[in-house]
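The structure file data22.txt is reproduced below (compact mmCIF, C-alpha atoms and all ligand atoms).
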# COMPACT_ATOMS: atom_id res chain seq x y z
CA MET O 259 -59.71 -8.30 61.40
CA THR O 260 -61.93 -11.37 61.42
CA THR O 261 -60.54 -14.63 62.68
CA ASP O 262 -60.70 -16.11 59.14
CA ILE O 263 -58.48 -13.42 57.61
CA ARG O 264 -56.12 -13.71 60.57
CA LYS O 265 -56.06 -17.48 60.20
CA ASP O 266 -55.23 -17.30 56.47
CA ALA O 267 -52.37 -14.85 57.05
CA LEU O 268 -51.03 -16.98 59.87
CA ASN O 269 -51.32 -20.20 57.86
CA ALA O 270 -49.39 -18.51 55.03
CA TYR O 271 -46.57 -17.64 57.44
CA LEU O 272 -46.52 -21.04 59.12
CA SER O 273 -46.59 -23.04 55.91
CA LYS O 274 -43.99 -20.97 54.07
CA GLY O 275 -42.60 -17.69 55.43
CA ILE O 276 -41.38 -19.13 58.72
CA HIS O 277 -38.87 -21.27 56.87
CA ASP O 278 -37.14 -18.18 55.47
CA VAL O 279 -36.41 -16.73 58.93
CA LYS O 280 -33.48 -18.11 60.89
CA GLY O 281 -34.19 -19.26 64.43
CA TRP O 282 -35.74 -21.95 66.54
CA CYS O 283 -39.43 -22.69 66.44
CA VAL O 284 -41.65 -24.99 64.41
CA PRO O 285 -45.07 -24.25 62.91
CA GLN O 286 -46.72 -27.25 64.62
CA LEU O 287 -46.37 -25.35 67.91
CA TRP O 288 -49.44 -23.36 66.86
CA GLN O 289 -51.67 -26.43 67.20
CA THR O 290 -51.50 -25.67 70.93
CA ILE O 291 -51.46 -21.84 70.77
CA TRP O 292 -54.25 -21.34 68.23
CA PRO O 293 -57.20 -22.78 70.20
CA VAL O 294 -56.29 -20.57 73.15
CA TYR O 295 -55.97 -17.52 70.87
CA LYS O 296 -59.44 -18.22 69.49
CA ALA O 297 -60.78 -18.13 73.04
CA ILE O 298 -58.96 -15.01 74.26
CA GLY O 299 -58.45 -12.85 71.15
CA ASP O 300 -56.03 -10.07 70.35
CA GLY O 301 -53.59 -8.41 72.70
CA PRO O 302 -49.95 -7.51 73.25
CA VAL O 303 -47.22 -10.10 72.81
CA ALA O 304 -43.63 -9.97 74.03
CA GLU O 305 -40.50 -12.05 73.86
CA ILE O 306 -37.23 -12.09 75.78
CA GLY O 307 -34.62 -13.39 73.32
CA VAL O 308 -35.87 -12.62 69.81
CA PHE O 309 -32.76 -13.60 67.79
CA GLU O 310 -33.98 -12.87 64.21
CA GLY O 311 -37.72 -12.81 64.98
CA LYS O 312 -38.84 -16.26 63.83
CA PHE O 313 -41.24 -16.89 66.73
CA LEU O 314 -42.10 -13.23 67.33
CA ILE O 315 -43.38 -12.77 63.77
CA GLY O 316 -45.75 -15.70 64.25
CA LEU O 317 -46.93 -14.32 67.58
CA CYS O 318 -47.58 -10.86 66.07
CA LYS O 319 -49.55 -12.44 63.24
CA THR O 320 -51.59 -14.48 65.72
CA PHE O 321 -52.41 -11.80 68.28
CA GLY O 322 -53.08 -8.90 65.87
CA THR O 323 -50.07 -6.68 66.52
CA GLY O 324 -50.74 -3.17 65.19
CA PRO O 325 -50.50 0.52 66.11
CA ASP O 326 -52.92 0.12 69.05
CA ASN O 327 -51.66 -3.31 70.05
CA LYS O 328 -47.89 -3.21 70.16
CA ALA O 329 -45.47 -6.09 70.52
CA ALA O 330 -42.30 -5.92 72.62
CA ALA O 331 -38.99 -7.40 71.43
CA ILE O 332 -36.59 -7.67 74.37
CA ASP O 333 -33.00 -8.70 73.69
CA LEU O 334 -29.40 -7.83 74.46
CA PHE O 335 -28.88 -6.91 70.82
CA ASP O 336 -25.40 -5.25 70.81
CA MET O 337 -24.77 -5.88 74.55
CA GLN O 338 -23.67 -9.45 73.89
CA GLU O 339 -21.19 -9.42 76.79
CA PHE O 340 -24.22 -10.41 78.92
CA ASN O 341 -25.10 -13.36 76.67
CA LEU O 342 -23.65 -15.83 79.14
CA ASP O 343 -24.54 -19.06 77.34
CA GLY O 344 -24.03 -17.89 73.75
CA ALA O 345 -27.27 -19.32 72.41
CA GLY O 346 -27.71 -17.11 69.37
CA VAL O 347 -26.97 -13.43 68.90
CA GLY O 348 -29.96 -11.10 68.58
CA LYS O 349 -29.41 -8.59 65.78
CA LEU O 350 -31.64 -5.51 65.93
CA GLU O 351 -31.53 -4.54 62.25
CA VAL O 352 -32.10 -8.14 61.13
CA VAL O 353 -35.12 -8.51 63.43
CA ARG O 354 -36.56 -5.19 62.24
CA ASN O 355 -36.06 -6.09 58.58
CA ASN O 356 -37.56 -9.55 59.09
CA LEU O 357 -40.62 -8.12 60.84
CA ASP O 358 -40.96 -5.41 58.16
CA GLY O 359 -40.69 -8.07 55.48
CA HIS O 360 -43.60 -9.95 57.06
CA GLY O 361 -45.82 -6.90 57.32
CA ILE O 362 -45.16 -5.98 60.95
CA GLY O 363 -44.09 -2.36 60.72
CA ARG O 364 -41.51 -0.72 62.98
CA ASP O 365 -44.13 1.49 64.65
CA ASN O 366 -45.95 -1.61 65.88
CA VAL O 367 -43.07 -3.03 67.88
CA THR O 368 -41.21 -1.66 70.90
CA TYR O 369 -37.57 -2.77 70.80
CA VAL O 370 -36.12 -3.04 74.31
CA LYS O 371 -32.35 -3.42 74.55
CA ALA O 372 -31.74 -4.99 77.95
CA ASP O 373 -30.07 -7.75 79.90
CA SER O 374 -33.15 -9.63 81.10
CA LEU O 375 -31.65 -9.85 84.61
CA THR O 376 -32.28 -6.12 84.96
CA LEU O 377 -36.02 -6.68 84.48
CA ARG O 378 -37.48 -6.49 88.00
CA THR O 379 -40.77 -5.35 89.53
CA ARG O 380 -40.23 -1.68 88.66
CA GLU O 381 -39.54 -2.55 85.01
CA ALA O 382 -42.59 -4.85 84.97
CA ASP O 383 -44.84 -2.02 86.21
CA GLN O 384 -43.39 0.31 83.60
CA PHE O 385 -43.80 -2.34 80.87
CA VAL O 386 -47.49 -2.81 81.71
CA ALA O 387 -48.09 0.96 81.83
CA GLU O 388 -46.59 1.30 78.33
CA ASN O 389 -47.76 -1.90 76.61
CA GLY O 390 -50.69 -3.25 78.62
CA LEU O 391 -50.83 -6.82 79.91
CA CYS O 392 -49.57 -9.43 77.45
CA LYS O 393 -51.74 -12.14 75.97
CA PHE O 394 -48.59 -14.11 75.15
CA PHE O 395 -45.09 -13.86 76.57
CA SER O 396 -42.19 -15.95 75.24
CA VAL O 397 -39.17 -16.64 77.45
CA ASP O 398 -36.25 -17.53 75.17
CA GLY O 399 -33.18 -15.59 76.31
CA CYS O 400 -30.26 -16.99 78.32
CA HIS O 401 -30.88 -20.61 79.39
CA GLU O 402 -29.06 -20.46 82.73
CA VAL O 403 -31.10 -21.21 85.86
CA VAL O 404 -30.84 -17.66 87.24
CA HIS O 405 -32.03 -16.08 83.99
CA THR O 406 -34.80 -18.57 83.40
CA VAL O 407 -36.28 -18.07 86.89
CA ASN O 408 -36.02 -14.29 86.58
CA ASP O 409 -37.49 -14.22 83.08
CA ILE O 410 -40.45 -16.46 83.97
CA GLU O 411 -41.19 -14.35 87.06
CA PHE O 412 -41.04 -11.17 84.94
CA ALA O 413 -43.36 -12.79 82.39
CA MET O 414 -45.87 -13.64 85.13
CA LYS O 415 -45.91 -9.99 86.25
CA VAL O 416 -46.69 -8.64 82.77
CA THR O 417 -49.02 -11.33 81.39
CA ALA O 418 -52.80 -11.09 81.60
CA ASN O 419 -54.60 -13.63 83.73
CA ASP O 420 -56.02 -15.25 80.58
CA GLY O 421 -52.68 -15.14 78.72
CA LEU O 422 -50.03 -17.77 78.00
CA ILE O 423 -46.31 -17.89 78.81
CA ALA O 424 -43.96 -20.07 76.76
CA VAL O 425 -40.62 -21.28 78.13
CA ASP O 426 -38.34 -22.43 75.32
CA ASP O 427 -35.93 -25.36 75.40
CA TYR O 428 -37.74 -27.04 78.27
CA ALA O 429 -37.22 -30.39 76.56
CA ASN O 430 -33.77 -29.67 75.10
CA PRO O 431 -31.00 -31.77 76.68
CA ASN O 432 -28.44 -29.17 75.57
CA TRP O 433 -29.94 -26.54 77.88
CA PRO O 434 -30.69 -28.36 81.18
CA GLY O 435 -30.79 -25.02 83.03
CA VAL O 436 -34.31 -24.41 81.76
CA GLN O 437 -35.70 -27.64 83.22
CA GLU O 438 -33.77 -27.13 86.44
CA ALA O 439 -35.15 -23.60 86.81
CA VAL O 440 -38.72 -24.75 86.32
CA ALA O 441 -38.24 -27.62 88.77
CA ARG O 442 -36.79 -25.34 91.43
CA MET O 443 -39.69 -22.93 91.05
CA TYR O 444 -42.57 -25.38 91.23
CA ILE O 445 -41.06 -27.67 93.87
CA LEU O 446 -40.35 -24.76 96.19
CA ARG O 447 -43.54 -22.75 95.99
CA ASP O 448 -46.81 -21.98 94.21
CA PHE O 449 -47.20 -19.45 91.40
CA PRO O 450 -50.28 -17.98 89.72
CA PHE O 451 -49.14 -19.44 86.37
CA ILE O 452 -48.77 -23.21 86.30
CA PRO O 453 -47.66 -25.83 83.75
CA LEU O 454 -50.27 -26.40 81.04
CA ALA O 455 -48.58 -28.26 78.18
CA VAL O 456 -45.24 -29.33 76.77
CA THR O 457 -44.99 -29.21 73.00
CA CYS O 458 -42.38 -28.57 70.31
CA ASN O 459 -39.58 -27.98 72.85
CA LYS O 460 -41.60 -25.44 74.85
CA LEU O 461 -43.34 -25.53 78.21
CA LEU O 462 -46.54 -23.49 78.20
CA LEU O 463 -47.83 -21.95 81.40
CA CYS O 464 -51.25 -20.46 82.06
CA SER O 465 -53.04 -19.05 85.05
CA TYR O 466 -54.51 -21.49 87.54
CA SER O 467 -57.86 -19.76 86.85
CA TYR O 468 -57.98 -20.92 83.21
CA HIS O 469 -56.01 -24.15 83.47
CA ALA O 470 -58.83 -26.69 83.24
CA LYS O 471 -60.58 -24.72 80.48
CA TYR O 472 -57.44 -24.42 78.30
CA LEU O 473 -56.53 -28.10 78.73
CA GLU O 474 -59.94 -29.04 77.41
CA LEU O 475 -59.82 -26.46 74.58
CA ILE O 476 -56.42 -27.65 73.36
CA HIS O 477 -57.25 -31.34 73.65
CA SER O 478 -60.52 -31.04 71.82
CA TYR O 479 -59.15 -28.74 69.05
CA ILE O 480 -56.20 -31.04 68.30
CA ARG O 481 -58.26 -34.23 68.45
CA THR O 482 -60.67 -32.75 65.90
CA ASN O 483 -58.29 -30.89 63.57
CA HIS O 484 -54.88 -32.56 63.79
CA PRO O 485 -55.63 -36.25 64.39
CA SER O 486 -52.06 -37.40 63.64
CA THR O 487 -50.78 -35.47 66.69
CA HIS O 488 -50.07 -37.63 69.71
CA MET O 489 -51.39 -36.31 73.03
CA LYS O 490 -51.00 -37.61 76.54
CA PHE O 491 -52.22 -36.23 79.85
CA VAL O 492 -49.36 -36.33 82.37
CA THR O 493 -48.86 -34.87 85.86
CA ARG O 494 -46.10 -32.25 86.20
CA PHE O 495 -45.32 -30.82 89.63
CA GLY O 496 -48.73 -32.02 90.78
CA TYR O 497 -50.66 -30.37 87.93
CA ARG O 498 -52.55 -32.14 85.16
CA THR O 499 -50.82 -31.19 81.89
CA LEU O 500 -50.71 -32.27 78.26
CA THR O 501 -47.75 -33.53 76.28
CA VAL O 502 -48.46 -32.70 72.64
CA GLN O 503 -46.31 -34.35 69.97
CA PRO O 504 -47.26 -33.35 66.42
CA ASP O 505 -46.14 -35.22 63.34
CA PHE O 506 -43.32 -32.94 62.15
CA ARG O 507 -43.19 -34.52 58.69
CA THR O 508 -46.49 -32.96 57.69
CA TRP O 509 -48.15 -29.56 57.91
CA SER O 510 -51.89 -29.13 58.12
CA ASP O 511 -53.43 -25.65 58.24
CA LEU O 512 -54.85 -24.28 61.47
CA GLN O 513 -58.67 -24.36 61.58
C1 LIG O 601 -32.12 -18.94 71.29
S1 LIG O 601 -32.07 -17.27 70.78
C2 LIG O 601 -33.79 -16.89 70.62
C3 LIG O 601 -34.50 -17.57 69.48
C4 LIG O 601 -35.78 -16.92 69.02
N1 LIG O 601 -36.76 -16.82 70.08
C5 LIG O 601 -36.39 -17.57 67.80
O1 LIG O 601 -37.62 -17.55 67.63
O2 LIG O 601 -35.68 -18.08 66.94
C6 LIG O 601 -31.58 -16.47 72.27
C7 LIG O 601 -31.63 -14.95 72.22
O3 LIG O 601 -31.52 -14.49 73.58
C8 LIG O 601 -30.73 -13.32 73.62
N2 LIG O 601 -30.16 -13.24 74.99
C9 LIG O 601 -29.18 -14.00 75.53
N3 LIG O 601 -28.93 -13.65 76.80
C10 LIG O 601 -29.81 -12.64 77.09
C11 LIG O 601 -30.03 -11.83 78.24
N4 LIG O 601 -29.31 -11.99 79.37
N5 LIG O 601 -31.00 -10.87 78.19
C12 LIG O 601 -31.72 -10.70 77.05
N6 LIG O 601 -31.55 -11.43 75.92
C13 LIG O 601 -30.61 -12.38 75.94
C14 LIG O 601 -29.70 -13.50 72.50
O4 LIG O 601 -29.19 -12.27 72.05
C15 LIG O 601 -30.54 -14.24 71.44
O5 LIG O 601 -31.13 -13.33 70.55

Translate the structure described by the file into C-alpha cells.
Amino acid sequence: MTTDIRKDALNAYLSKGIHDVKGWCVPQLWQTIWPVYKAIGDGPVAEIGVFEGKFLIGLCKTFGTGPDNKAAAIDLFDMQEFNLDGAGVGKLEVVRNNLDGHGIGRDNVTYVKADSLTLRTREADQFVAENGLCKFFSVDGCHEVVHTVNDIEFAMKVTANDGLIAVDDYANPNWPGVQEAVARMYILRDFPFIPLAVTCNKLLLCSYSYHAKYLELIHSYIRTNHPSTHMKFVTRFGYRTLTVQPDFRTWSDLQ
C-alpha cells in the first residue's frame, strides 16, 4: 500500500471512526507518530492494555497490519482479578468486533490473554520469534510502578531499534505510578530506549541511536504541517526531548 492510501485511511479513522470507539487516546497524538512512521515504514505493533481497541486500531492502520504483519493485543481480558488499579476492563469480543469493524480482520491480530507481570525475558524471546520486532509498542495496562517498569522493559526487549514505545498516562495526575516508574528507571540506570517526546498524555521513547534524528523529524513535520501546535524542547533525565501540545479544538489531516 502506498503511503498516500495509508494516509487517507488513517485520516478517515482519526477524523471520524476513532470517536466511535470507547477508550483513551486522541487523534492529535499522530502528529508525533506519523513523521516517524514515514521514516521507518510498516511493521508489527503491539499493546499491553487494549481495553476496546481505540489506540490499537489506529496503530494497525498506521503500520500496515495484515496477514504477514500481525499486531499483538495483550490484555487480562477475563482475568480481571489481576487488574490491580481498575483502569478499564479489556473485553476480548468487543476488541475483536471493533477491529473487525475497522477492517482489521481477526487473522491479522494475535490476542494474548496475560497478566503483563508474567511477561519476562523468555516470553519476550517467544514474542519476537512469533511476531518479529515491533515498530511500535504501546504500554497502557496497569499503572502501578511495578507493572509500568516491567511493561516498559518488556517493550524494550521486543521493539526494533528504529521503533517507538509509548507509555500512557505519563502526564495524568490520577496515575502517578507511571511517572514514578519512569523516574526510577532513568535516575537509576541507562536504557537503550530513552525519552523522546511527551504529547497527548503519553511519553514516547526511542532508541538512543535514532534519538537526534527523530527529534528533528518530528519538530520539522509539526512546524510545517500543524503550525497551531505548541512545541518546546525540554531536558528530561538528561536527554533533550520535545513537549508537543496540539490544539485539541481542531483537527487537521496528517500530511
Ligand atoms: C486504560 S485501559 C487501556 C486503554 C486503551 N489502550 C485505549 O486505547 O483506550 C487499561 C487496560 O489494561 C488492562 N490491564 C490492567 N491490568 C493489566 C495487567 N496486569 N496485565 C495486562 N493488562 C492489564 C485492562 O484490562 C484494560 O483493558

How close does each residue of chain O get to ligand LIG 601 (chain O), giving the shortest atom pair and distance in Å to one decimal for every residue with an atom at most 8 Å away, counting only C-alpha atoms and all ligand atoms, sorted by chain and residue number, as a tab-separated table?
residue	atom	partner	partner_atom	distance
O:Lys280	CA	O:LIG601	O2	6.4
O:Gly281	CA	O:LIG601	O2	3.1
O:Trp282	CA	O:LIG601	O2	3.9
O:Cys283	CA	O:LIG601	O1	5.6
O:Glu305	CA	O:LIG601	N1	7.1
O:Ile306	CA	O:LIG601	N6	5.7
O:Gly307	CA	O:LIG601	O3	3.3
O:Val308	CA	O:LIG601	N1	4.3
O:Phe309	CA	O:LIG601	O5	3.2
O:Glu310	CA	O:LIG601	O2	6.1
O:Gly311	CA	O:LIG601	O1	5.4
O:Lys312	CA	O:LIG601	O1	4.2
O:Phe313	CA	O:LIG601	O1	3.8
O:Leu314	CA	O:LIG601	O1	6.2
O:Ile332	CA	O:LIG601	C12	6.3
O:Asp333	CA	O:LIG601	N6	3.8
O:Leu334	CA	O:LIG601	N6	4.4
O:Phe335	CA	O:LIG601	O4	5.5
O:Gln338	CA	O:LIG601	O4	6.5
O:Phe340	CA	O:LIG601	N4	5.3
O:Asn341	CA	O:LIG601	N3	3.8
O:Leu342	CA	O:LIG601	N3	6.2
O:Asp343	CA	O:LIG601	N3	7.0
O:Gly344	CA	O:LIG601	C9	6.7
O:Ala345	CA	O:LIG601	C1	5.0
O:Gly346	CA	O:LIG601	C15	4.5
O:Val347	CA	O:LIG601	O4	4.0
O:Gly348	CA	O:LIG601	O5	3.2
O:Lys349	CA	O:LIG601	O5	6.9
O:Lys371	CA	O:LIG601	C12	7.7
O:Ala372	CA	O:LIG601	C12	5.8
O:Asp373	CA	O:LIG601	N5	3.7
O:Ser374	CA	O:LIG601	N5	3.8
O:Leu375	CA	O:LIG601	N4	6.1
O:Ser396	CA	O:LIG601	N1	7.5
O:Val397	CA	O:LIG601	N1	7.8
O:Asp398	CA	O:LIG601	N1	5.2
O:Gly399	CA	O:LIG601	O3	3.4
O:Cys400	CA	O:LIG601	N3	3.9
O:His401	CA	O:LIG601	N3	7.7
O:His405	CA	O:LIG601	N4	6.7
O:Asp426	CA	O:LIG601	N1	7.8

For a cutoff of 9 Å around the file-coordinate point (-45.2, -3.2, 72.5), which residues qualify once you count all atoms listed in the file? I'd like the result as a PyMOL selection string.
chain O and resi 302-304+323+327-331+366-369+385+388-390

Identify which of the residues O:Leu462, O:Phe495, O:Ala455, O:Leu475 lies closest to Ala441 in chain O, counting only C-alpha atoms when measuring atom-to-atom distances.
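Once distances to Ala441 in chain O are computed over only C-alpha atoms, the minimum belongs to O:Phe495.
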
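When CA of Ala413 in chain O is paired with CA of Phe395 in chain O, their separation reads 6.2 Å.
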
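Atom to atom, CA of Trp433 in chain O and CA of Ile315 in chain O stand 23.9 Å apart.
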